[in-house]
Structure formats: structure tokens, C-alpha cells
>>> print(open('final_37.cif').read())   # mmCIF, C-alpha atoms
data_coords
loop_
_atom_site.label_atom_id
_atom_site.label_comp_id
_atom_site.auth_asym_id
_atom_site.auth_seq_id
_atom_site.Cartn_x
_atom_site.Cartn_y
_atom_site.Cartn_z
CA MET A 1 67.96 140.38 8.64
CA SER A 2 66.69 138.17 5.86
CA GLN A 3 63.71 135.97 6.63
CA GLU A 4 63.44 132.34 5.60
CA PRO A 5 60.49 131.68 3.28
CA GLN A 6 57.70 129.70 4.92
CA GLN A 7 56.62 126.41 3.43
CA SER A 8 53.20 124.79 3.56
CA PRO A 9 52.21 121.23 4.57
CA ALA A 10 53.65 118.53 2.37
CA ILE A 11 51.83 116.57 -0.31
CA LEU A 12 53.13 113.17 -1.29
CA GLU A 13 53.90 114.42 -4.79
CA SER A 14 56.25 117.04 -3.30
CA PRO A 15 58.42 115.04 -0.91
CA GLY A 16 60.83 117.94 -0.36
CA SER A 17 58.29 120.25 1.27
CA ILE A 18 57.69 120.40 5.00
CA ALA A 19 54.86 121.45 7.30
CA PRO A 20 54.61 125.03 8.59
CA THR A 21 55.95 125.69 12.07
CA THR A 22 54.90 129.34 12.42
CA PRO A 23 51.70 131.22 11.56
CA ASP A 24 53.57 133.21 8.85
CA GLY A 25 52.95 130.49 6.29
CA ASP A 26 49.34 129.83 7.26
CA VAL A 27 47.76 131.80 4.42
CA ALA A 28 49.61 129.76 1.80
CA ALA A 29 48.87 126.55 3.72
CA ILE A 30 45.12 127.31 3.83
CA ASN A 31 45.12 127.96 0.09
CA GLU A 32 46.90 124.66 -0.42
CA MET A 33 44.45 122.84 1.83
CA ARG A 34 41.51 124.23 -0.16
CA ASP A 35 43.01 123.00 -3.42
CA LEU A 36 43.93 119.67 -1.86
CA TYR A 37 40.37 119.25 -0.59
CA GLN A 38 39.04 119.55 -4.13
CA ARG A 39 41.54 116.95 -5.33
CA MET A 40 40.57 114.60 -2.51
CA ARG A 41 36.91 114.88 -3.44
CA THR A 42 37.81 114.08 -7.04
CA GLU A 43 39.71 110.96 -5.99
CA ILE A 44 36.98 109.74 -3.63
CA ALA A 45 34.40 110.35 -6.38
CA LYS A 46 36.08 107.55 -8.35
CA VAL A 47 34.43 105.05 -6.00
CA ILE A 48 31.75 107.06 -4.16
CA ILE A 49 29.01 108.84 -6.12
CA GLY A 50 27.46 111.76 -4.27
CA GLN A 51 27.59 112.13 -0.46
CA ASP A 52 29.71 115.29 -0.76
CA ASP A 53 28.28 116.70 2.47
CA VAL A 54 29.12 113.51 4.39
CA ILE A 55 32.68 113.50 3.04
CA GLU A 56 33.14 117.13 4.06
CA LYS A 57 31.93 116.40 7.59
CA LEU A 58 34.26 113.39 7.88
CA LEU A 59 37.21 115.57 6.86
CA ILE A 60 36.15 118.23 9.37
CA CYS A 61 36.19 115.56 12.10
CA ILE A 62 39.66 114.39 11.09
CA LEU A 63 41.13 117.90 10.89
CA SER A 64 39.53 118.75 14.26
CA ARG A 65 40.89 115.60 15.95
CA GLY A 66 37.34 114.43 16.59
CA HIS A 67 35.42 111.20 16.09
CA GLY A 68 32.34 110.71 13.94
CA LEU A 69 29.18 108.62 14.20
CA LEU A 70 27.51 107.90 10.86
CA MET A 71 23.79 107.20 10.97
CA GLY A 72 22.15 105.65 7.94
CA VAL A 73 20.32 102.60 6.65
CA PRO A 74 22.37 99.69 5.26
CA GLY A 75 23.64 99.86 1.71
CA LEU A 76 24.67 103.52 1.53
CA ALA A 77 28.42 102.79 1.16
CA LYS A 78 29.34 104.06 4.61
CA THR A 79 32.13 101.51 5.01
CA LEU A 80 33.48 102.08 1.50
CA MET A 81 33.42 105.83 2.04
CA VAL A 82 35.55 105.65 5.18
CA GLN A 83 37.96 103.17 3.60
CA SER A 84 38.37 105.37 0.51
CA LEU A 85 39.07 108.38 2.71
CA ALA A 86 41.76 106.44 4.57
CA ASN A 87 43.35 105.38 1.27
CA VAL A 88 43.49 108.93 -0.07
CA MET A 89 45.14 110.09 3.16
CA SER A 90 47.60 107.15 3.30
CA LEU A 91 46.30 106.14 6.73
CA GLN A 92 46.18 102.64 8.17
CA PHE A 93 42.56 101.46 8.14
CA SER A 94 40.95 98.90 10.42
CA ARG A 95 37.34 97.67 10.45
CA ILE A 96 35.71 96.10 13.50
CA GLN A 97 32.36 94.40 12.98
CA PHE A 98 30.46 94.85 16.24
CA THR A 99 28.36 91.84 17.19
CA PRO A 100 26.56 90.79 20.41
CA ASP A 101 29.35 88.34 21.32
CA LEU A 102 32.24 90.78 20.73
CA MET A 103 34.52 91.10 23.79
CA PRO A 104 36.58 94.15 24.82
CA SER A 105 39.80 92.17 24.27
CA ASP A 106 38.69 91.58 20.67
CA ILE A 107 39.07 95.34 20.21
CA THR A 108 42.07 96.29 22.33
CA GLY A 109 44.11 93.09 22.11
CA THR A 110 45.11 90.42 24.59
CA ASP A 111 48.07 88.70 26.23
CA ILE A 112 49.05 85.42 24.60
CA LEU A 113 51.43 82.85 26.06
CA GLN A 114 54.42 82.58 23.71
CA GLU A 115 57.63 80.61 23.60
CA THR A 116 60.76 82.58 24.55
CA ASP A 117 64.35 82.33 23.33
CA GLN A 118 65.14 80.18 26.36
CA PRO A 119 64.08 76.53 25.84
CA GLY A 120 61.21 75.42 28.06
CA ARG A 121 60.27 78.93 29.16
CA ARG A 122 57.18 80.86 28.15
CA ALA A 123 56.03 84.42 28.68
CA PHE A 124 52.95 86.47 27.98
CA GLU A 125 53.17 88.77 24.97
CA PHE A 126 50.60 91.44 24.18
CA VAL A 127 49.08 91.07 20.72
CA LYS A 128 47.57 94.35 19.55
CA GLY A 129 43.94 94.38 18.49
CA PRO A 130 42.32 96.18 15.54
CA ILE A 131 42.06 99.42 17.56
CA PHE A 132 45.74 100.01 16.73
CA ALA A 133 45.21 101.83 13.43
CA ASN A 134 44.90 105.42 12.22
CA ILE A 135 41.25 105.18 11.19
CA VAL A 136 39.12 102.61 13.00
CA LEU A 137 35.69 101.87 11.59
CA ALA A 138 33.38 100.57 14.33
CA ASP A 139 30.72 99.01 12.11
CA GLU A 140 27.21 98.74 13.59
CA ILE A 141 28.45 99.87 16.98
CA ASN A 142 24.99 99.59 18.54
CA ARG A 143 24.89 95.80 18.03
CA THR A 144 27.30 95.10 20.90
CA PRO A 145 26.63 95.34 24.68
CA PRO A 146 27.65 98.47 26.65
CA LYS A 147 30.62 96.65 28.27
CA THR A 148 32.25 96.22 24.86
CA GLN A 149 31.20 99.68 23.69
CA SER A 150 33.00 101.15 26.70
CA ALA A 151 36.26 99.59 25.49
CA LEU A 152 36.37 102.44 22.99
CA LEU A 153 35.98 105.19 25.60
CA GLU A 154 39.59 105.34 26.77
CA ALA A 155 40.88 104.99 23.23
CA MET A 156 38.68 107.82 21.94
CA GLN A 157 39.46 110.19 24.77
CA GLU A 158 43.05 109.39 25.73
CA HIS A 159 44.35 107.82 22.47
CA ARG A 160 45.64 104.87 24.45
CA VAL A 161 44.42 101.51 25.76
CA THR A 162 45.09 99.64 29.00
CA ALA A 163 45.52 95.88 28.88
CA GLY A 164 47.05 93.55 31.42
CA GLY A 165 47.88 96.49 33.68
CA LYS A 166 49.95 98.18 30.97
CA MET A 167 49.19 101.24 28.86
CA PHE A 168 49.74 101.23 25.10
CA THR A 169 49.73 104.39 23.02
CA LEU A 170 47.69 104.34 19.84
CA PRO A 171 49.17 105.48 16.52
CA SER A 172 48.85 109.12 15.53
CA PRO A 173 46.70 110.41 13.92
CA PHE A 174 43.87 108.35 15.39
CA PHE A 175 40.15 108.52 14.65
CA VAL A 176 37.12 106.37 15.40
CA LEU A 177 34.37 106.50 12.79
CA ALA A 178 31.38 104.43 13.85
CA THR A 179 28.26 103.44 11.94
CA GLN A 180 24.81 102.85 13.32
CA ASN A 181 21.70 101.58 11.56
CA PRO A 182 18.60 103.46 12.77
CA ILE A 183 16.06 100.87 11.59
CA GLU A 184 17.45 97.88 13.50
CA GLN A 185 15.72 97.52 16.85
CA GLU A 186 16.10 93.85 17.76
CA GLY A 187 19.49 92.87 19.08
CA THR A 188 20.75 96.42 19.46
CA TYR A 189 21.95 98.40 22.47
CA ALA A 190 21.60 102.17 22.70
CA LEU A 191 24.91 103.98 23.03
CA PRO A 192 25.45 105.40 26.54
CA GLU A 193 25.29 109.19 26.74
CA ALA A 194 28.93 109.27 27.90
CA GLN A 195 30.02 107.54 24.71
CA LEU A 196 27.73 109.57 22.45
CA ASP A 197 29.34 112.70 23.85
CA ARG A 198 32.76 111.42 22.75
CA PHE A 199 31.66 111.67 19.13
CA MET A 200 32.23 115.12 17.70
CA PHE A 201 29.68 114.71 14.90
CA LEU A 202 26.52 112.71 14.34
CA ILE A 203 26.48 112.52 10.55
CA GLN A 204 23.25 111.60 8.79
CA VAL A 205 23.86 109.54 5.64
CA ASN A 206 20.81 109.88 3.39
CA TYR A 207 19.66 108.12 0.24
CA PRO A 208 21.24 109.37 -3.00
CA SER A 209 19.31 111.68 -5.30
CA LEU A 210 17.63 110.35 -8.46
CA VAL A 211 20.49 111.58 -10.66
CA GLU A 212 23.11 110.07 -8.35
CA GLU A 213 21.31 106.73 -8.14
CA ARG A 214 21.13 106.53 -11.92
CA ARG A 215 24.88 107.19 -12.02
CA ILE A 216 25.39 104.42 -9.46
CA ALA A 217 23.45 102.02 -11.69
CA ARG A 218 25.53 102.90 -14.75
CA GLU A 219 28.99 103.43 -13.32
CA THR A 220 29.34 100.78 -10.59
CA THR A 221 28.01 97.71 -12.37
CA GLY A 222 30.57 97.52 -15.19
CA THR A 223 34.33 97.35 -15.11
CA ALA A 224 36.10 97.93 -11.81
CA ALA A 225 36.58 101.59 -10.90
CA PRO A 226 40.17 102.87 -10.56
CA ALA A 227 41.51 103.04 -7.02
CA PRO A 228 41.82 106.51 -5.46
CA THR A 229 45.29 108.06 -5.59
CA LYS A 230 47.10 108.64 -2.31
CA LEU A 231 47.50 112.40 -1.93
CA ILE A 232 48.86 113.08 1.57
CA SER A 233 50.60 111.27 4.42
CA GLY A 234 49.80 110.87 8.10
CA GLU A 235 52.46 113.45 8.98
CA THR A 236 50.74 115.95 6.70
CA VAL A 237 47.41 115.27 8.40
CA LEU A 238 49.01 116.12 11.75
CA ALA A 239 50.41 119.34 10.26
CA TYR A 240 46.99 120.39 8.98
CA GLN A 241 45.48 119.65 12.38
CA GLU A 242 47.91 122.14 13.90
CA LEU A 243 47.04 124.61 11.13
CA VAL A 244 43.34 124.33 11.98
CA ARG A 245 44.00 125.12 15.63
CA ARG A 246 45.70 128.39 14.62
CA VAL A 247 42.78 129.72 12.55
CA PRO A 248 41.62 132.98 14.19
CA VAL A 249 38.09 133.28 15.59
CA PRO A 250 36.44 136.70 16.09
CA ASP A 251 35.25 137.38 19.64
CA HIS A 252 31.60 137.65 18.60
CA ILE A 253 31.78 134.11 17.15
CA TYR A 254 33.00 132.76 20.49
CA ASP A 255 30.13 134.57 22.24
CA THR A 256 27.56 133.32 19.73
CA VAL A 257 28.64 129.69 20.06
CA VAL A 258 28.52 129.86 23.87
CA ASP A 259 25.09 131.51 23.77
CA LEU A 260 23.78 128.91 21.32
CA VAL A 261 24.92 125.96 23.44
CA ARG A 262 23.61 127.49 26.67
CA LEU A 263 20.19 128.02 25.08
CA THR A 264 19.87 124.24 24.58
CA ARG A 265 19.68 123.70 28.35
CA PRO A 266 16.22 123.81 29.93
CA GLY A 267 16.02 126.10 32.92
CA SER A 268 19.08 128.10 31.92
CA GLU A 269 19.00 131.88 31.80
CA GLY A 270 17.43 133.13 28.58
CA ALA A 271 16.31 129.68 27.40
CA PRO A 272 13.10 129.94 25.31
CA GLU A 273 9.94 128.53 26.83
CA TRP A 274 9.75 125.87 24.13
CA ILE A 275 13.18 124.57 25.24
CA ASN A 276 11.80 124.04 28.75
CA LYS A 277 8.75 122.39 27.18
CA TRP A 278 10.50 119.95 24.83
CA VAL A 279 14.04 119.30 26.12
CA THR A 280 15.10 117.07 29.02
CA TRP A 281 18.73 118.17 28.92
CA GLY A 282 20.96 120.05 26.53
CA ALA A 283 24.55 120.18 25.37
CA GLY A 284 27.56 120.57 27.66
CA PRO A 285 30.80 122.55 27.31
CA ARG A 286 32.31 119.89 25.03
CA ALA A 287 29.80 121.01 22.39
CA VAL A 288 31.28 124.52 22.54
CA GLN A 289 34.77 123.15 21.92
CA TYR A 290 33.63 120.94 19.05
CA MET A 291 31.66 123.72 17.37
CA ILE A 292 34.64 126.07 17.44
CA ARG A 293 37.06 123.40 16.22
CA GLY A 294 34.63 122.22 13.55
CA ALA A 295 34.03 125.76 12.33
CA LYS A 296 37.79 126.30 12.08
CA ALA A 297 38.24 123.13 10.04
CA ARG A 298 35.38 124.03 7.69
CA ALA A 299 36.88 127.49 7.18
CA VAL A 300 40.20 125.92 6.17
CA LEU A 301 38.55 123.47 3.76
CA ASN A 302 36.82 126.40 2.06
CA GLY A 303 39.96 128.55 1.89
CA SER A 304 38.85 131.06 4.54
CA TYR A 305 41.43 132.71 6.79
CA LEU A 306 39.08 133.15 9.75
CA VAL A 307 35.88 131.64 11.10
CA ARG A 308 32.58 133.10 9.94
CA MET A 309 29.04 132.59 11.19
CA GLU A 310 28.25 130.39 8.17
CA ASP A 311 30.93 127.96 9.39
CA VAL A 312 29.27 127.77 12.81
CA GLU A 313 25.84 127.18 11.29
CA ALA A 314 27.23 124.42 9.05
CA VAL A 315 28.50 122.39 12.04
CA ALA A 316 25.69 123.16 14.50
CA GLN A 317 23.47 120.23 13.48
CA PRO A 318 26.09 117.43 13.56
CA VAL A 319 27.56 118.73 16.85
CA LEU A 320 24.32 119.32 18.75
CA SER A 321 21.80 116.80 17.39
CA HIS A 322 22.99 113.90 19.60
CA ARG A 323 23.56 116.15 22.62
CA ILE A 324 19.98 117.41 22.92
CA LEU A 325 17.62 114.91 24.55
CA THR A 326 13.97 115.59 23.79
CA ASN A 327 11.24 114.54 26.21
CA PHE A 328 8.06 112.57 25.65
CA GLN A 329 6.00 115.66 24.87
CA ALA A 330 8.35 116.65 22.05
CA GLN A 331 8.33 113.12 20.66
CA SER A 332 4.53 112.96 20.78
CA GLU A 333 4.37 116.24 18.84
CA GLY A 334 6.93 115.05 16.29
CA ILE A 335 9.57 117.57 17.39
CA THR A 336 13.14 116.40 16.73
CA SER A 337 16.45 117.72 18.02
CA GLY A 338 17.20 118.90 14.47
CA GLU A 339 14.13 121.13 14.45
CA ILE A 340 15.07 122.51 17.86
CA ILE A 341 18.56 123.40 16.58
CA ASN A 342 17.09 125.18 13.55
CA ARG A 343 14.83 127.25 15.80
CA LEU A 344 17.76 128.13 18.05
CA LEU A 345 19.80 129.26 15.05
CA GLU A 346 16.91 131.51 13.99
CA THR A 347 16.82 132.91 17.52
CA ILE A 348 20.55 133.64 17.41
CA ARG A 349 20.23 135.33 14.00
CA GLY A 350 17.42 137.48 15.34
CA ASP A 351 19.54 138.54 18.31
CA ASP A 352 22.39 139.43 15.92
CA ARG A 353 20.08 141.66 13.87
CA ARG A 354 18.80 143.41 16.96
CA GLY A 355 22.40 143.90 18.14
#
>>> encode(input="final_37.cif", output="C-alpha cells")
Amino acid sequence: MSQEPQQSPAILESPGSIAPTTPDGDVAAINEMRDLYQRMRTEIAKVIIGQDDVIEKLLICILSRGHGLLMGVPGLAKTLMVQSLANVMSLQFSRIQFTPDLMPSDITGTDILQETDQPGRRAFEFVKGPIFANIVLADEINRTPPKTQSALLEAMQEHRVTAGGKMFTLPSPFFVLATQNPIEQEGTYALPEAQLDRFMFLIQVNYPSLVEERRIARETTGTAAPAPTKLISGETVLAYQELVRRVPVPDHIYDTVVDLVRLTRPGSEGAPEWINKWVTWGAGPRAVQYMIRGAKARAVLNGSYLVRMEDVEAVAQPVLSHRILTNFQAQSEGITSGEIINRLLETIRGDDRRG
């Protein structure tokens, strides 16, 4: 019996192609995703100079159906970066500026009394808030009280909101990318641990290098830069998300990820003494899921047909850094969660060599 040829996820420039429905076409689809990733970086580079690592992590979040929290000082083009990514992916973009007086209804929407077709009669009509978009940028999320921050919890976890006793489904795909300024202390509210755990990645946005900053001075202060070209559609993003879920993972990678996460917990079996000394609590099972999904997405972006240990190591920091709470002793000694993760990775590598 003849077999139908498999086709890979569609690009806007090839409107006749369709997304794969069986694993038979996954190899070709991964190759296409790798090439598409390079083209996306080229388009985003028209308006964003540098920050390649941040852009890769944002794409990993999107392909893994996760949410990202960007940490960086003001002026590093975090908002422009997210907006450019949404434009390249043809996704509806919405920006919410979080302020101390922001109310939950300002995010989800509210019922408004409207005139009906019948004269003299009025009825409440739900007006959707800015949360109803594909990519929602929660700008300076730590500047609003916990009550308003919690309005995002249901949306991030369930992809729906409840208002006026009714549930409303959010558009698909749906991602929340939040920004947080680490240097602002006055008028800020720390994110609750429950909400921090909803973010797949904590992405550090650093200052540009000397070469990049000189390019910024030359290339962004003259004529307007060309807008990025739209390369894919929302339907294609959904197809690539399904592709990522089908990427095979060797059994020893599953075991390594579980061992790594369990070692972050003080008092757990096999936890190093310095974990008990410096850590109040470690990462939960959600970190295992996010590390596996993130490693799969990174493998696809790099054209790999299965997950390797280098993929796990690349996502360990952004997945675990906000899920490891250091105690006062660690803080007094200048020990950060990032340093703890690096030591754990060295421990895992040593165990692999001995094995």
C-alpha cells in the first residue's frame, strides 16, 4: 500500500502546507524548525541587538507552553523584545502596565451595563480585558498588590478566566511574559511562591556587551529600523508545540532530571550537606516537568532529534533559580541559588562519570 508523504508545520510563505499529524514527519519538521529559528533570530535582530540567549529562552517557553519571568534593570528593551517576538509569530500582543492601583477587573475584564435591542431595557455585557491575547506582557508585575497578581493565576494555569460567575476561555496559544525590575524596592510587592512556581523560566536580562552597546549607539539612533517580517502563524505555533511533546527522551535523562531536582530539597535522601546548610526548601515536581519540556524545546530549536544532557544543563538555571529558596546563612555568605544549581550540576556530572 502506498504511503502518503508527510508534511511539516506550515510557514506563512507556504500557505499550502499543513502541520504534521504523525511522528513520521517529525524529522523533517525538526529540520524546518531549526532553519525557521535562525530566520526568526535574523528578523528580531532588525530591532533588538544582542540578547540571543534571552530570545532563545523565550522561544523555549513558548514551544513548551510555559510562561516566562524576565528579570532585568530598566532600559534593556524587554518590552520591545517580547513585542517583536509576537510580531514575528503573528500573535496578538497585549501589554499590561502593573501599578499599585491596578484592579483584577482591569486585567480580566468586567461587566458593563449596555443598552439592548429592546427600547428601555438594559443588560450587563462582559467586556474582555487585556488578558485576552496570545502573548500578554505583564510589565513590572511586582509593582501591584498580591490580590491583583493572583488574577493571573487562573489564566496562567487553566488558560481561562472567571468573571461575573462565568468562565471565559482565553485564545490559543496563550503565554504570559512578565517583567520585574530587581533594583526597585519601594512600592513593590514580592511575588507569592505559588505564582512564581507558575513561571516556567526566570530569565535574567543582562547589560549588552561593549560591542553590542556600540552597535546600539550607531544603529538605533538614525533612521527607523525595518519592521520584522511575520514568519509563522498561531496555528503553526500550536503544531510545533505538539512536535516538541513528541521529541524522545532517553531513560537516563529522565532519571538525571529527577535526581537533580530531588537534590535541591534539604533533608531528602542523598542531598549534599551544603544543601541542608544553605537551602530552606527546594524545587517541586513541576520543575521536573518544566526541565523535560524545556530540554525538548531546546533540542528542536537546535535541530536535534532527541534530548541530550546539554539540553538539560541549558535549562537548569532558568527552571530552578526561582524555585530554590536560600536561607539567611547562605545570603550572609553570598551564596545564590545560581551557584547552588551549578554545584548540583557538577555533582550530577560526577555521578555520571562514576556510573
>>> resolve_selection(input="final_37.cif", expression="the PyMOL selection byres ((chain A and resi 212) around 12)", output="list in words")
Ala45, Ile48, Ile49, Gly50, Gln51, Asp52, Leu76, Asn206, Tyr207, Pro208, Ser209, Leu210, Val211, Glu213, Arg214, Arg215, Ile216, Ala217, Arg218, Glu219 and Thr220 of chain A
>>> write_last_selection(input="final_37.cif", atoms="C-alpha atoms", output="PDB file, in the frame of the given file")
ATOM      1  CA  ALA A  45      34.400 110.350  -6.380  1.00  0.00           C
ATOM      2  CA  ILE A  48      31.750 107.060  -4.160  1.00  0.00           C
ATOM      3  CA  ILE A  49      29.010 108.840  -6.120  1.00  0.00           C
ATOM      4  CA  GLY A  50      27.460 111.760  -4.270  1.00  0.00           C
ATOM      5  CA  GLN A  51      27.590 112.130  -0.460  1.00  0.00           C
ATOM      6  CA  ASP A  52      29.710 115.290  -0.760  1.00  0.00           C
ATOM      7  CA  LEU A  76      24.670 103.520   1.530  1.00  0.00           C
ATOM      8  CA  ASN A 206      20.810 109.880   3.390  1.00  0.00           C
ATOM      9  CA  TYR A 207      19.660 108.120   0.240  1.00  0.00           C
ATOM     10  CA  PRO A 208      21.240 109.370  -3.000  1.00  0.00           C
ATOM     11  CA  SER A 209      19.310 111.680  -5.300  1.00  0.00           C
ATOM     12  CA  LEU A 210      17.630 110.350  -8.460  1.00  0.00           C
ATOM     13  CA  VAL A 211      20.490 111.580 -10.660  1.00  0.00           C
ATOM     14  CA  GLU A 213      21.310 106.730  -8.140  1.00  0.00           C
ATOM     15  CA  ARG A 214      21.130 106.530 -11.920  1.00  0.00           C
ATOM     16  CA  ARG A 215      24.880 107.190 -12.020  1.00  0.00           C
ATOM     17  CA  ILE A 216      25.390 104.420  -9.460  1.00  0.00           C
ATOM     18  CA  ALA A 217      23.450 102.020 -11.690  1.00  0.00           C
ATOM     19  CA  ARG A 218      25.530 102.900 -14.750  1.00  0.00           C
ATOM     20  CA  GLU A 219      28.990 103.430 -13.320  1.00  0.00           C
ATOM     21  CA  THR A 220      29.340 100.780 -10.590  1.00  0.00           C
TER      22      THR A 220
END
>>> residues_around(input="final_37.cif", residues="Leu243 in chain A", least_positions_apart="4", cutoff="7 Å", atoms="all atoms listed in the file", output="PyMOL selection string")
chain A and resi 26+239+247
>>> residues_around(input="final_37.cif", residues="Pro130 in chain A", least_positions_apart="2", cutoff="6 Å", atoms="all atoms listed in the file", output="list of chain:residue names")
A:Ser94, A:Ile107, A:Phe132
>>> closest_residue(input="final_37.cif", among="A:Pro104, A:Gly222, A:Gly284, A:Gly334", to="Asp197 in chain A", atoms="only C-alpha atoms")
A:Gly284
>>> residues_around(input="final_37.cif", residues="Phe174 in chain A", least_positions_apart="6", cutoff="8 Å", atoms="only C-alpha atoms", output="list of chain:residue names")
A:Arg65, A:Ala133, A:Asn134, A:Ile135, A:Val136, A:His159
>>> atom_distance(input="final_37.cif", atom1="CA of Ala29 in chain A", atom2="CA of Tyr305 in chain A")
10.1 Å
>>> resolve_selection(input="final_37.cif", expression="the PyMOL selection byres ((chain A and resi 260) around 9)", output="JSON, numbers by chain")
{"A": [255, 256, 257, 258, 259, 261, 262, 263, 264, 288, 341, 344, 345, 347, 348]}
>>> write_last_selection(input="final_37.cif", atoms="C-alpha atoms", output="short mmCIF file (atom, residue, chain, number, x, y, z; two decimals), in the frame of the given file")
data_model
loop_
_atom_site.label_atom_id
_atom_site.label_comp_id
_atom_site.auth_asym_id
_atom_site.auth_seq_id
_atom_site.Cartn_x
_atom_site.Cartn_y
_atom_site.Cartn_z
CA ASP A 255 30.13 134.57 22.24
CA THR A 256 27.56 133.32 19.73
CA VAL A 257 28.64 129.69 20.06
CA VAL A 258 28.52 129.86 23.87
CA ASP A 259 25.09 131.51 23.77
CA VAL A 261 24.92 125.96 23.44
CA ARG A 262 23.61 127.49 26.67
CA LEU A 263 20.19 128.02 25.08
CA THR A 264 19.87 124.24 24.58
CA VAL A 288 31.28 124.52 22.54
CA ILE A 341 18.56 123.40 16.58
CA LEU A 344 17.76 128.13 18.05
CA LEU A 345 19.80 129.26 15.05
CA THR A 347 16.82 132.91 17.52
CA ILE A 348 20.55 133.64 17.41
#
>>> resolve_selection(input="final_37.cif", expression="the PyMOL selection byres ((chain A and resi 338) around 12)", output="list in words")
Leu202, Ile203, Gln204, Thr264, Ala316, Gln317, Pro318, Val319, Leu320, Ser321, His322, Arg323, Ile324, Leu325, Thr326, Ala330, Gly334, Ile335, Thr336, Ser337, Glu339, Ile340, Ile341, Asn342, Arg343, Leu344 and Leu345 of chain A
>>> closest_residue(input="final_37.cif", among="A:Ser105, A:Ser150, A:Thr280, A:Gln241", to="Lys296 in chain A", atoms="only C-alpha atoms")
A:Gln241
>>> atom_distance(input="final_37.cif", atom1="CA of Leu80 in chain A", atom2="CA of Leu59 in chain A")
15.0 Å
>>> residues_around(input="final_37.cif", residues="Met103 in chain A", least_positions_apart="5", cutoff="10 Å", atoms="all atoms listed in the file", output="JSON, numbers by chain")
{"A": [98, 108, 109, 144, 145, 147, 148, 149, 151]}
>>> write_last_selection(input="final_37.cif", atoms="C-alpha atoms", output="PDB file, keeping the file's coordinate frame")
ATOM      1  CA  PHE A  98      30.460  94.850  16.240  1.00  0.00           C
ATOM      2  CA  THR A 108      42.070  96.290  22.330  1.00  0.00           C
ATOM      3  CA  GLY A 109      44.110  93.090  22.110  1.00  0.00           C
ATOM      4  CA  THR A 144      27.300  95.100  20.900  1.00  0.00           C
ATOM      5  CA  PRO A 145      26.630  95.340  24.680  1.00  0.00           C
ATOM      6  CA  LYS A 147      30.620  96.650  28.270  1.00  0.00           C
ATOM      7  CA  THR A 148      32.250  96.220  24.860  1.00  0.00           C
ATOM      8  CA  GLN A 149      31.200  99.680  23.690  1.00  0.00           C
ATOM      9  CA  ALA A 151      36.260  99.590  25.490  1.00  0.00           C
TER      10      ALA A 151
END
>>> closest_residue(input="final_37.cif", among="A:Ala287, A:Val161, A:Val73, A:Leu137", to="Leu196 in chain A", atoms="all atoms listed in the file")
A:Ala287
>>> closest_residue(input="final_37.cif", among="A:Pro272, A:Gly164, A:Pro74, A:Gly282", to="Ile112 in chain A", atoms="only C-alpha atoms")
A:Gly164
>>> closest_residue(input="final_37.cif", among="A:Met309, A:Thr99, A:Lys166, A:Val82", to="Lys57 in chain A", atoms="all atoms listed in the file")
A:Val82
>>> closest_residue(input="final_37.cif", among="A:Val249, A:Ala297, A:Leu231, A:Leu177", to="Gln38 in chain A", atoms="all atoms listed in the file")
A:Leu231
>>> atom_distance(input="final_37.cif", atom1="CA of Gly294 in chain A", atom2="CA of Arg39 in chain A")
20.8 Å
>>> residues_around(input="final_37.cif", residues="Thr162 in chain A", least_positions_apart="5", cutoff="12 Å", atoms="only C-alpha atoms", output="list in words")
Pro104, Ser105, Ile107, Thr108, Gly109, Thr110, Asp111, Phe126, Lys128, Gly129, Ile131, Ala151, Leu152, Leu153, Glu154, Ala155, Met167, Phe168, Thr169 and Leu170 of chain A
>>> axis_aligned_box(input="final_37.cif", around="range 302-316 of chain A", padding_each_side="5 Å", output="lines of an AutoDock Vina configuration file")
center_x = 33.6
center_y = 127.8
center_z = 8.2
size_x = 25.7
size_y = 20.8
size_z = 22.6
>>> decode(input="final_37.cif", residues="range 53-64 of chain A", atoms="N, CA and C atoms", output="short mmCIF file (atom, residue, chain, number, x, y, z; two decimals), in the first residue's frame")
data_model
loop_
_atom_site.label_atom_id
_atom_site.label_comp_id
_atom_site.auth_asym_id
_atom_site.auth_seq_id
_atom_site.Cartn_x
_atom_site.Cartn_y
_atom_site.Cartn_z
N ASP A 53 20.57 34.85 23.89
CA ASP A 53 20.24 33.84 24.88
C ASP A 53 18.84 34.06 25.44
N VAL A 54 18.48 35.33 25.66
CA VAL A 54 17.14 35.64 26.18
C VAL A 54 16.08 35.25 25.16
N ILE A 55 16.33 35.57 23.88
CA ILE A 55 15.36 35.23 22.83
C ILE A 55 15.18 33.73 22.72
N GLU A 56 16.27 32.97 22.83
CA GLU A 56 16.16 31.52 22.79
C GLU A 56 15.31 31.00 23.94
N LYS A 57 15.53 31.53 25.13
CA LYS A 57 14.76 31.07 26.29
C LYS A 57 13.28 31.44 26.16
N LEU A 58 12.97 32.61 25.60
CA LEU A 58 11.58 32.97 25.37
C LEU A 58 10.92 31.99 24.40
N LEU A 59 11.62 31.63 23.34
CA LEU A 59 11.07 30.67 22.38
C LEU A 59 10.89 29.30 23.01
N ILE A 60 11.82 28.90 23.87
CA ILE A 60 11.67 27.62 24.57
C ILE A 60 10.41 27.63 25.42
N CYS A 61 10.16 28.75 26.12
CA CYS A 61 8.93 28.86 26.92
C CYS A 61 7.70 28.69 26.04
N ILE A 62 7.68 29.39 24.91
CA ILE A 62 6.51 29.36 24.04
C ILE A 62 6.29 27.96 23.49
N LEU A 63 7.35 27.31 23.01
CA LEU A 63 7.21 25.97 22.45
C LEU A 63 6.86 24.94 23.52
N SER A 64 7.18 25.24 24.77
CA SER A 64 6.89 24.31 25.87
C SER A 64 5.57 24.60 26.55
#
